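Printed here is start07.txt (compact mmCIF, C-alpha atoms):
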```
# COMPACT_ATOMS: atom_id res chain seq x y z
CA MET A 1 145.45 122.82 64.99
CA LYS A 2 141.99 122.54 63.43
CA LYS A 3 141.27 119.49 65.60
CA ILE A 4 142.24 121.36 68.79
CA SER A 5 140.04 124.35 67.94
CA LEU A 6 137.18 121.99 67.15
CA CYS A 7 137.62 120.27 70.53
CA ILE A 8 137.70 123.62 72.35
CA LEU A 9 134.56 124.72 70.49
CA LEU A 10 132.77 121.48 71.39
CA LEU A 11 133.82 121.71 75.05
CA GLY A 12 132.62 125.33 75.18
CA ALA A 13 129.27 124.34 73.72
CA LEU A 14 128.93 121.54 76.30
CA LEU A 15 129.77 123.86 79.19
CA VAL A 16 127.28 126.48 78.01
CA SER A 17 124.51 123.88 77.67
CA ALA A 18 125.31 122.46 81.12
CA ALA A 19 125.31 125.89 82.71
CA SER A 20 121.99 126.82 81.16
CA GLY A 21 120.44 123.45 82.16
CA GLN A 22 117.19 124.19 83.95
CA TYR A 23 116.54 122.53 87.30
CA ARG A 24 113.76 119.99 86.95
CA PHE A 25 111.43 119.27 89.84
CA TYR A 26 109.99 115.82 90.48
CA ASP A 27 107.18 116.17 87.97
CA GLY A 28 104.83 114.34 85.62
CA SER A 29 107.62 112.82 83.53
CA ASP A 30 109.08 111.17 86.63
CA TRP A 31 105.62 110.17 87.83
CA ASN A 32 104.67 108.59 84.51
CA SER A 33 108.00 106.76 84.31
CA ILE A 34 106.89 104.68 87.32
CA ASP A 35 104.29 103.11 85.03
CA THR A 36 107.05 101.75 82.81
CA LEU A 37 108.59 99.74 85.67
CA PRO A 38 108.10 95.97 85.29
CA TYR A 39 106.03 95.48 88.46
CA SER A 40 102.46 94.82 89.48
CA SER A 41 100.09 97.77 89.65
CA GLU A 42 100.02 97.30 93.44
CA ILE A 43 103.76 97.97 93.68
CA LYS A 44 103.58 100.95 91.31
CA THR A 45 100.74 102.40 93.39
CA THR A 46 102.80 101.84 96.54
CA ILE A 47 105.74 103.80 95.08
CA LYS A 48 103.41 106.61 94.02
CA THR A 49 101.69 106.65 97.41
CA LEU A 50 105.06 106.98 99.15
CA ILE A 51 105.94 109.96 96.95
CA LEU A 52 102.62 111.71 97.57
CA ARG A 53 102.78 111.05 101.30
CA ALA A 54 106.34 112.41 101.33
CA ALA A 55 105.03 115.60 99.68
CA GLU A 56 102.18 115.84 102.18
CA ASP A 57 104.45 115.27 105.21
CA ALA A 58 107.04 117.75 103.98
CA SER A 59 104.35 120.36 103.39
CA PHE A 60 103.05 119.79 106.93
CA PHE A 61 106.49 120.28 108.44
CA SER A 62 107.14 123.35 106.32
CA ASN A 63 104.00 124.94 107.81
CA SER A 64 101.99 124.81 104.61
CA PRO A 65 100.06 121.53 104.55
CA ILE A 66 98.72 120.52 101.16
CA LEU A 67 95.66 118.80 102.56
CA ALA A 68 93.14 120.77 104.56
CA LYS A 69 92.60 119.84 108.22
CA ASP A 70 89.47 117.83 107.44
CA GLN A 71 91.16 115.99 104.57
CA LYS A 72 93.07 112.77 105.00
CA PHE A 73 95.38 111.14 102.54
CA THR A 74 93.56 108.38 100.66
CA PRO A 75 94.60 106.12 97.74
CA GLU A 76 92.18 108.12 95.57
CA TYR A 77 94.80 110.86 95.41
CA VAL A 78 97.08 108.53 93.45
CA ASP A 79 94.31 108.08 90.87
CA SER A 80 93.68 111.83 90.74
CA VAL A 81 97.38 112.57 90.19
CA ASN A 82 97.57 109.79 87.56
CA ASP A 83 94.68 111.44 85.78
CA PHE A 84 96.27 114.89 86.12
CA TYR A 85 99.58 113.75 84.63
CA SER A 86 97.90 111.84 81.80
CA LYS A 87 97.44 115.27 80.18
CA ALA A 88 100.62 116.32 78.40
CA ASP A 89 100.13 119.99 79.40
CA ASN A 90 100.55 119.11 83.08
CA LYS A 91 103.78 117.11 82.83
CA LYS A 92 106.03 119.99 83.87
CA ILE A 93 104.06 120.70 87.04
CA PRO A 94 105.87 119.48 90.20
CA VAL A 95 104.18 116.67 92.12
CA TYR A 96 103.54 118.99 95.07
CA PHE A 97 101.20 121.11 92.94
CA ALA A 98 99.60 118.04 91.35
CA LEU A 99 98.62 116.84 94.83
CA LYS A 100 97.50 120.35 95.78
CA ILE A 101 95.27 120.52 92.71
CA ALA A 102 93.87 117.05 93.50
CA SER A 103 93.04 118.19 97.03
CA MET A 104 91.39 121.38 95.69
CA ASP A 105 89.30 119.23 93.40
CA LYS A 106 88.30 116.97 96.27
CA ALA A 107 87.38 120.01 98.37
CA ASN A 108 85.02 121.08 95.54
CA VAL A 109 86.91 124.24 94.68
CA LEU A 110 85.49 125.77 91.51
CA LYS A 111 86.94 124.30 88.31
CA LYS A 112 87.68 127.80 87.03
CA GLN A 113 89.67 128.61 90.15
CA ILE A 114 91.63 125.36 89.87
CA GLN A 115 92.35 126.15 86.24
CA LEU A 116 93.64 129.62 87.15
CA TYR A 117 95.85 128.11 89.85
CA ARG A 118 97.22 125.53 87.40
CA LEU A 119 98.01 128.22 84.83
CA ALA A 120 99.75 130.36 87.45
CA VAL A 121 101.91 127.37 88.49
CA LEU A 122 102.77 126.61 84.86
CA LYS A 123 103.71 130.23 84.26
CA LYS A 124 105.97 130.21 87.31
CA ILE A 125 107.62 126.91 86.35
CA ASN A 126 108.22 128.07 82.79
CA ALA A 127 109.74 131.29 84.09
CA LEU A 128 112.32 129.44 86.21
CA MET B 129 85.69 47.73 78.54
CA LYS B 130 84.74 44.35 79.95
CA ASN B 131 88.44 43.60 80.28
CA LEU B 132 88.98 46.84 82.18
CA ILE B 133 86.16 46.09 84.61
CA HIS B 134 87.58 42.62 85.06
CA ILE B 135 91.07 44.02 85.81
CA TYR B 136 89.53 46.58 88.23
CA SER B 137 87.58 43.95 90.15
CA GLN B 138 90.70 41.82 90.40
CA ASN B 139 92.94 44.70 91.54
CA ARG B 140 90.46 46.79 93.51
CA LYS B 141 92.63 47.03 96.57
CA ARG B 142 95.67 48.05 94.51
CA PHE B 143 93.58 50.68 92.68
CA ILE B 144 92.35 52.24 95.94
CA ARG B 145 95.90 52.24 97.30
CA LEU B 146 97.05 54.01 94.11
CA LEU B 147 94.35 56.67 94.56
CA ILE B 148 95.47 57.26 98.14
CA TYR B 149 99.10 57.63 96.98
CA VAL B 150 98.12 60.16 94.28
CA ALA B 151 96.05 62.18 96.81
CA ALA B 152 98.96 62.15 99.29
CA ILE B 153 101.43 63.30 96.59
CA LEU B 154 99.09 66.14 95.55
CA LEU B 155 98.73 67.21 99.18
CA VAL B 156 102.50 67.26 99.75
CA ALA B 157 103.09 69.10 96.44
CA GLY B 158 100.50 71.73 97.35
CA PHE B 159 102.12 72.30 100.73
CA ALA B 160 105.59 72.51 99.10
CA VAL B 161 104.38 75.14 96.57
CA THR B 162 102.93 77.25 99.40
CA VAL B 163 106.17 77.08 101.39
CA ILE B 164 108.29 77.92 98.33
CA ALA B 165 105.99 80.84 97.38
CA LYS B 166 106.32 82.23 100.89
CA HIS B 167 110.06 82.42 100.52
CA THR B 168 110.34 83.68 96.97
CA GLY B 169 109.66 86.73 94.86
CA ASN B 170 105.94 87.32 94.85
CA ALA B 171 105.22 85.88 98.26
CA HIS B 172 104.11 89.24 99.53
CA GLU B 173 101.43 89.65 96.90
CA ILE B 174 100.44 85.98 96.57
CA ILE B 175 100.30 84.86 100.17
CA THR B 176 100.04 87.60 102.76
CA LYS B 177 98.15 90.44 101.06
CA GLU B 178 99.56 92.57 103.89
CA PRO B 179 99.52 96.24 102.85
CA LEU B 180 102.96 97.59 101.94
CA ILE B 181 102.25 100.92 103.53
CA ASP B 182 100.31 101.37 106.70
CA ASN B 183 100.17 103.81 109.52
CA GLU B 184 102.42 101.83 111.84
CA GLY B 185 104.43 104.37 113.78
CA THR B 186 103.52 108.02 113.85
CA GLY B 187 101.13 108.41 110.92
CA PHE B 188 103.88 110.27 109.08
CA LEU B 189 106.25 108.48 106.76
CA ASP B 190 108.97 107.32 109.10
CA GLY B 191 111.52 104.59 109.64
CA HIS B 192 108.87 101.87 109.63
CA GLN B 193 107.81 102.76 106.08
CA TRP B 194 111.39 103.48 104.99
CA LYS B 195 112.44 99.99 106.05
CA LYS B 196 109.48 98.45 104.24
CA ILE B 197 110.92 99.69 100.94
CA GLU B 198 113.71 97.14 101.49
CA GLY B 199 111.06 94.40 101.70
CA MET B 200 109.38 95.40 98.43
CA GLN B 201 109.72 92.96 95.54
CA ILE B 202 111.57 95.41 93.32
CA SER B 203 115.14 95.58 92.05
CA PRO B 204 117.84 97.19 94.25
CA SER B 205 118.15 100.08 91.79
CA ASP B 206 114.39 100.72 91.98
CA LYS B 207 114.59 100.70 95.78
CA ILE B 208 117.20 103.46 95.50
CA TYR B 209 115.00 105.22 92.91
CA THR B 210 112.02 105.12 95.31
CA LYS B 211 114.06 106.39 98.24
CA THR B 212 115.70 109.21 96.29
CA ALA B 213 112.33 110.19 94.78
CA ILE B 214 110.95 110.53 98.32
CA LEU B 215 113.95 112.64 99.38
CA LYS B 216 113.81 114.82 96.26
CA THR B 217 110.12 115.46 96.84
CA ILE B 218 110.68 116.40 100.51
CA ILE B 219 113.49 118.82 99.61
CA GLU B 220 111.49 120.44 96.81
CA VAL B 221 108.35 120.91 98.91
CA GLY B 222 110.45 122.89 101.41
CA ILE B 223 111.85 125.04 98.60
CA ILE B 224 108.40 125.61 97.05
CA ASN B 225 107.00 126.67 100.43
CA ASP B 226 109.91 129.04 100.96
CA ASN B 227 110.94 127.05 104.02
CA PRO B 228 113.82 124.90 102.76
CA LEU B 229 114.74 121.99 104.99
CA LEU B 230 118.23 121.83 103.55
CA THR B 231 120.43 122.44 100.55
CA PRO B 232 121.92 119.07 99.62
CA SER B 233 125.71 118.97 99.74
CA ASP B 234 125.99 115.47 98.34
CA SER B 235 124.07 113.10 96.08
CA LEU B 236 120.63 111.91 97.17
CA GLY B 237 122.01 108.37 96.99
CA LYS B 238 124.47 109.28 99.75
CA TYR B 239 121.65 110.80 101.84
CA SER B 240 119.59 107.68 101.27
CA MET B 241 122.42 105.48 102.60
CA LEU B 242 122.82 107.69 105.67
CA ILE B 243 119.10 107.42 106.35
CA ASP B 244 119.35 103.62 105.97
CA SER B 245 121.92 103.49 108.75
CA PHE B 246 119.97 106.04 110.84
CA TYR B 247 116.86 103.85 110.77
CA ALA B 248 118.91 100.72 111.49
CA ASP B 249 118.72 101.93 115.10
CA PRO B 250 115.22 100.94 116.35
CA ASN B 251 115.20 104.02 118.62
CA ASN B 252 115.00 106.21 115.51
CA LEU B 253 112.17 104.43 113.71
CA ASP B 254 109.45 106.85 114.85
CA ILE B 255 111.30 109.93 113.58
CA PRO B 256 109.58 111.23 110.41
CA ILE B 257 111.65 110.99 107.20
CA PRO B 258 112.06 114.79 106.73
CA PHE B 259 113.90 114.94 110.07
CA ALA B 260 115.95 111.84 109.30
CA LEU B 261 116.95 113.68 106.13
CA LYS B 262 117.83 116.78 108.15
CA ILE B 263 119.97 114.69 110.51
CA ALA B 264 121.70 113.05 107.52
CA ASP B 265 122.43 116.54 106.20
CA LEU B 266 123.98 117.59 109.52
CA SER B 267 126.24 114.56 109.25
CA VAL B 268 127.16 115.34 105.62
CA LYS B 269 127.99 118.91 106.63
CA GLY B 270 130.40 117.64 109.27
CA MET B 271 128.50 118.15 112.53
CA SER B 272 129.92 116.06 115.37
CA ASP B 273 128.05 112.98 116.58
CA GLY B 274 127.58 114.59 120.00
CA ARG B 275 125.84 117.63 118.55
CA ILE B 276 123.72 115.46 116.26
CA GLN B 277 122.57 113.49 119.32
CA LEU B 278 121.64 116.76 121.04
CA TYR B 279 119.67 117.85 117.96
CA LYS B 280 117.90 114.48 117.86
CA ARG B 281 116.99 114.65 121.56
CA ALA B 282 115.63 118.21 121.19
CA LEU B 283 113.68 117.18 118.09
CA LEU B 284 112.10 114.18 119.81
CA GLN B 285 111.15 116.35 122.76
CA LYS B 286 109.55 118.95 120.47
CA LEU B 287 107.64 116.35 118.43
CA LYS B 288 106.33 114.75 121.62
CA GLN B 289 105.38 118.17 122.98
CA LEU B 290 103.38 118.85 119.83
CA ARG B 291 101.84 115.38 120.17
CA LEU B 292 103.16 114.44 116.77
CA LEU B 293 104.85 111.34 118.18
```
Target encoding structure tokens, full file:
Amino acid sequence: MKKISLCILLLGALLVSAASGQYRFYDGSDWNSIDTLPYSSEIKTTIKTLILRAAEDASFFSNSPILAKDQKFTPEYVDSVNDFYSKADNKKIPVYFALKIASMDKANVLKKQIQLYRLAVLKKINAL
Amino acid sequence: MKNLIHIYSQNRKRFIRLLIYVAAILLVAGFAVTVIAKHTGNAHEIITKEPLIDNEGTGFLDGHQWKKIEGMQISPSDKIYTKTAILKTIIEVGIINDNPLLTPSDSLGKYSMLIDSFYADPNNLDIPIPFALKIADLSVKGMSDGRIQLYKRALLQKLKQLRLL
């Protein structure tokens, strides 16, 4: 009898934890995990470029392009996003916003403004 | 030393012949290594230096780039990882921008396989990945092939109208 109640208790705990599981966007943890793959840096950069270009294309087709009209996707964005995700505080930020912040930086938006935007995104993500 | 010079002067012709043989063997070995490298693992990086991603096609990520993932020198599971990461990113960007492309009804692996077979048709290669994903979703949600073809035709017409193709 004790065993059955213990099993029920355990199952209940598992269900509760699964139900409360927060959705996780493709973020810095996923991005940084690419670096652990056993391939050349060229291949890792290719994978990262594909992901950023996917974000850029999807933003274009959802009528909210990440890059401004005069901006074009360049490999430098991969470096900027690498740099962004090297800071532990940014790991929870979805890759869409990481690219957005990189494009703001490239467009010479004020650092203070970028910082405010980053904090607003973090607040929103933590509230989800 | 004197002995060696004596042997050399006596066998000069043989020595030169030996040198020619060694040079020929090295030449053949070099050629063989190049051919083998072309057909094995790191051929892409070692030999061609051709970029893995380019703007062949529309300028958007489309079937041309999708198919190039298959040619990358990475494990099959990492090819699936790359493809599903692309799909996850596309779906999430739609959600973030309050303009969701779709709500997945199956695993991203399943969507990835459907997109593989969609791009197997060369007529579909210029269609950007977000729309290939949308078409895969219509298929997952049970839309008939006839209606999917109509959707595809209308989509192509619209993209051409907007000069995006």
### Task
Please determine the contact residues of chain B with respect to chain A at a cut-off of 9 Å, counting only C-alpha atoms, and supply them as a PyMOL selection string.
chain B and resi 173+180-181+188-189+193+197+200-202+206+210-211+213-222+224-229+256-258
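The interatomic distance for the pair CA of Ile263 in chain B and CA of Asp190 in chain B works out to 13.3 Å.
The space separating CA of Ser205 in chain B from CA of Tyr239 in chain B comes to 15.1 Å.
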### Task
Please measure the separation of CA of Ile93 in chain A and CA of Gly28 in chain A, giving the value in Å to one decimal.
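CA of Gly28 in chain A lies 6.6 Å from CA of Ile93 in chain A.
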### Message
Please determine, counting all atoms listed in the file, which residue among B:Leu266, B:Ile223, B:Leu278, B:Leu284 has the shortest atom-to-atom distance to Asn252 in chain B.
### Response
B:Leu284
Student task, range 104-127 of chain A output with N, CA, C and O atoms as a PDB file, in the first residue's frame:
```pdb
ATOM      1  N   MET A 104      20.930  46.732 -34.126  1.00  0.00           N
ATOM      2  CA  MET A 104      20.828  48.068 -33.507  1.00  0.00           C
ATOM      3  C   MET A 104      22.228  48.620 -33.266  1.00  0.00           C
ATOM      4  O   MET A 104      22.514  49.791 -33.505  1.00  0.00           O
ATOM      5  N   ASP A 105      23.104  47.735 -32.796  1.00  0.00           N
ATOM      6  CA  ASP A 105      24.476  48.122 -32.525  1.00  0.00           C
ATOM      7  C   ASP A 105      25.167  48.582 -33.811  1.00  0.00           C
ATOM      8  O   ASP A 105      25.867  49.599 -33.823  1.00  0.00           O
ATOM      9  N   LYS A 106      24.924  47.827 -34.887  1.00  0.00           N
ATOM     10  CA  LYS A 106      25.550  48.151 -36.162  1.00  0.00           C
ATOM     11  C   LYS A 106      25.006  49.471 -36.726  1.00  0.00           C
ATOM     12  O   LYS A 106      25.701  50.185 -37.447  1.00  0.00           O
ATOM     13  N   ALA A 107      23.736  49.746 -36.396  1.00  0.00           N
ATOM     14  CA  ALA A 107      23.122  50.984 -36.878  1.00  0.00           C
ATOM     15  C   ALA A 107      23.443  52.164 -35.962  1.00  0.00           C
ATOM     16  O   ALA A 107      22.818  53.227 -36.062  1.00  0.00           O
ATOM     17  N   ASN A 108      24.384  51.945 -35.029  1.00  0.00           N
ATOM     18  CA  ASN A 108      24.844  52.987 -34.106  1.00  0.00           C
ATOM     19  C   ASN A 108      23.759  53.556 -33.200  1.00  0.00           C
ATOM     20  O   ASN A 108      23.772  54.743 -32.867  1.00  0.00           O
ATOM     21  N   VAL A 109      22.828  52.696 -32.824  1.00  0.00           N
ATOM     22  CA  VAL A 109      21.824  53.110 -31.829  1.00  0.00           C
ATOM     23  C   VAL A 109      22.563  53.302 -30.499  1.00  0.00           C
ATOM     24  O   VAL A 109      23.525  52.571 -30.215  1.00  0.00           O
ATOM     25  N   LEU A 110      22.116  54.271 -29.724  1.00  0.00           N
ATOM     26  CA  LEU A 110      22.805  54.564 -28.456  1.00  0.00           C
ATOM     27  C   LEU A 110      22.876  53.345 -27.548  1.00  0.00           C
ATOM     28  O   LEU A 110      21.897  52.598 -27.431  1.00  0.00           O
ATOM     29  N   LYS A 111      24.028  53.157 -26.924  1.00  0.00           N
ATOM     30  CA  LYS A 111      24.242  51.997 -26.041  1.00  0.00           C
ATOM     31  C   LYS A 111      23.168  51.924 -24.952  1.00  0.00           C
ATOM     32  O   LYS A 111      22.707  50.852 -24.600  1.00  0.00           O
ATOM     33  N   LYS A 112      22.796  53.111 -24.443  1.00  0.00           N
ATOM     34  CA  LYS A 112      21.824  53.164 -23.351  1.00  0.00           C
ATOM     35  C   LYS A 112      20.473  52.630 -23.830  1.00  0.00           C
ATOM     36  O   LYS A 112      19.780  51.894 -23.122  1.00  0.00           O
ATOM     37  N   GLN A 113      20.139  53.011 -25.071  1.00  0.00           N
ATOM     38  CA  GLN A 113      18.866  52.575 -25.648  1.00  0.00           C
ATOM     39  C   GLN A 113      18.872  51.049 -25.865  1.00  0.00           C
ATOM     40  O   GLN A 113      17.873  50.384 -25.603  1.00  0.00           O
ATOM     41  N   ILE A 114      20.003  50.555 -26.336  1.00  0.00           N
ATOM     42  CA  ILE A 114      20.133  49.103 -26.564  1.00  0.00           C
ATOM     43  C   ILE A 114      19.989  48.366 -25.233  1.00  0.00           C
ATOM     44  O   ILE A 114      19.313  47.347 -25.137  1.00  0.00           O
ATOM     45  N   GLN A 115      20.606  48.935 -24.213  1.00  0.00           N
ATOM     46  CA  GLN A 115      20.555  48.331 -22.883  1.00  0.00           C
ATOM     47  C   GLN A 115      19.124  48.290 -22.350  1.00  0.00           C
ATOM     48  O   GLN A 115      18.688  47.280 -21.793  1.00  0.00           O
ATOM     49  N   LEU A 116      18.391  49.365 -22.581  1.00  0.00           N
ATOM     50  CA  LEU A 116      16.986  49.420 -22.135  1.00  0.00           C
ATOM     51  C   LEU A 116      16.156  48.373 -22.874  1.00  0.00           C
ATOM     52  O   LEU A 116      15.317  47.689 -22.289  1.00  0.00           O
ATOM     53  N   TYR A 117      16.420  48.245 -24.174  1.00  0.00           N
ATOM     54  CA  TYR A 117      15.703  47.270 -24.996  1.00  0.00           C
ATOM     55  C   TYR A 117      15.993  45.852 -24.481  1.00  0.00           C
ATOM     56  O   TYR A 117      15.091  45.041 -24.306  1.00  0.00           O
ATOM     57  N   ARG A 118      17.270  45.591 -24.212  1.00  0.00           N
ATOM     58  CA  ARG A 118      17.690  44.267 -23.727  1.00  0.00           C
ATOM     59  C   ARG A 118      17.007  43.936 -22.397  1.00  0.00           C
ATOM     60  O   ARG A 118      16.510  42.822 -22.199  1.00  0.00           O
ATOM     61  N   LEU A 119      16.945  44.933 -21.515  1.00  0.00           N
ATOM     62  CA  LEU A 119      16.317  44.705 -20.206  1.00  0.00           C
ATOM     63  C   LEU A 119      14.824  44.444 -20.358  1.00  0.00           C
ATOM     64  O   LEU A 119      14.252  43.598 -19.662  1.00  0.00           O
ATOM     65  N   ALA A 120      14.192  45.177 -21.284  1.00  0.00           N
ATOM     66  CA  ALA A 120      12.756  44.991 -21.522  1.00  0.00           C
ATOM     67  C   ALA A 120      12.491  43.572 -22.054  1.00  0.00           C
ATOM     68  O   ALA A 120      11.531  42.917 -21.630  1.00  0.00           O
ATOM     69  N   VAL A 121      13.362  43.106 -22.946  1.00  0.00           N
ATOM     70  CA  VAL A 121      13.206  41.740 -23.496  1.00  0.00           C
ATOM     71  C   VAL A 121      13.364  40.715 -22.369  1.00  0.00           C
ATOM     72  O   VAL A 121      12.548  39.795 -22.236  1.00  0.00           O
ATOM     73  N   LEU A 122      14.408  40.906 -21.553  1.00  0.00           N
ATOM     74  CA  LEU A 122      14.651  39.966 -20.450  1.00  0.00           C
ATOM     75  C   LEU A 122      13.467  39.908 -19.491  1.00  0.00           C
ATOM     76  O   LEU A 122      13.063  38.832 -19.058  1.00  0.00           O
ATOM     77  N   LYS A 123      12.903  41.081 -19.225  1.00  0.00           N
ATOM     78  CA  LYS A 123      11.764  41.169 -18.306  1.00  0.00           C
ATOM     79  C   LYS A 123      10.594  40.366 -18.879  1.00  0.00           C
ATOM     80  O   LYS A 123       9.928  39.607 -18.176  1.00  0.00           O
ATOM     81  N   LYS A 124      10.366  40.551 -20.182  1.00  0.00           N
ATOM     82  CA  LYS A 124       9.261  39.883 -20.864  1.00  0.00           C
ATOM     83  C   LYS A 124       9.487  38.358 -20.857  1.00  0.00           C
ATOM     84  O   LYS A 124       8.556  37.591 -20.581  1.00  0.00           O
ATOM     85  N   ILE A 125      10.706  37.954 -21.151  1.00  0.00           N
ATOM     86  CA  ILE A 125      11.008  36.513 -21.211  1.00  0.00           C
ATOM     87  C   ILE A 125      10.858  35.889 -19.820  1.00  0.00           C
ATOM     88  O   ILE A 125      10.294  34.804 -19.678  1.00  0.00           O
ATOM     89  N   ASN A 126      11.331  36.592 -18.806  1.00  0.00           N
ATOM     90  CA  ASN A 126      11.216  36.054 -17.448  1.00  0.00           C
ATOM     91  C   ASN A 126       9.776  35.992 -16.977  1.00  0.00           C
ATOM     92  O   ASN A 126       9.433  35.172 -16.131  1.00  0.00           O
ATOM     93  N   ALA A 127       8.934  36.860 -17.552  1.00  0.00           N
ATOM     94  CA  ALA A 127       7.530  36.892 -17.134  1.00  0.00           C
ATOM     95  C   ALA A 127       6.724  35.778 -17.805  1.00  0.00           C
ATOM     96  O   ALA A 127       5.611  35.472 -17.379  1.00  0.00           O
TER      97      ALA A 127
END
```
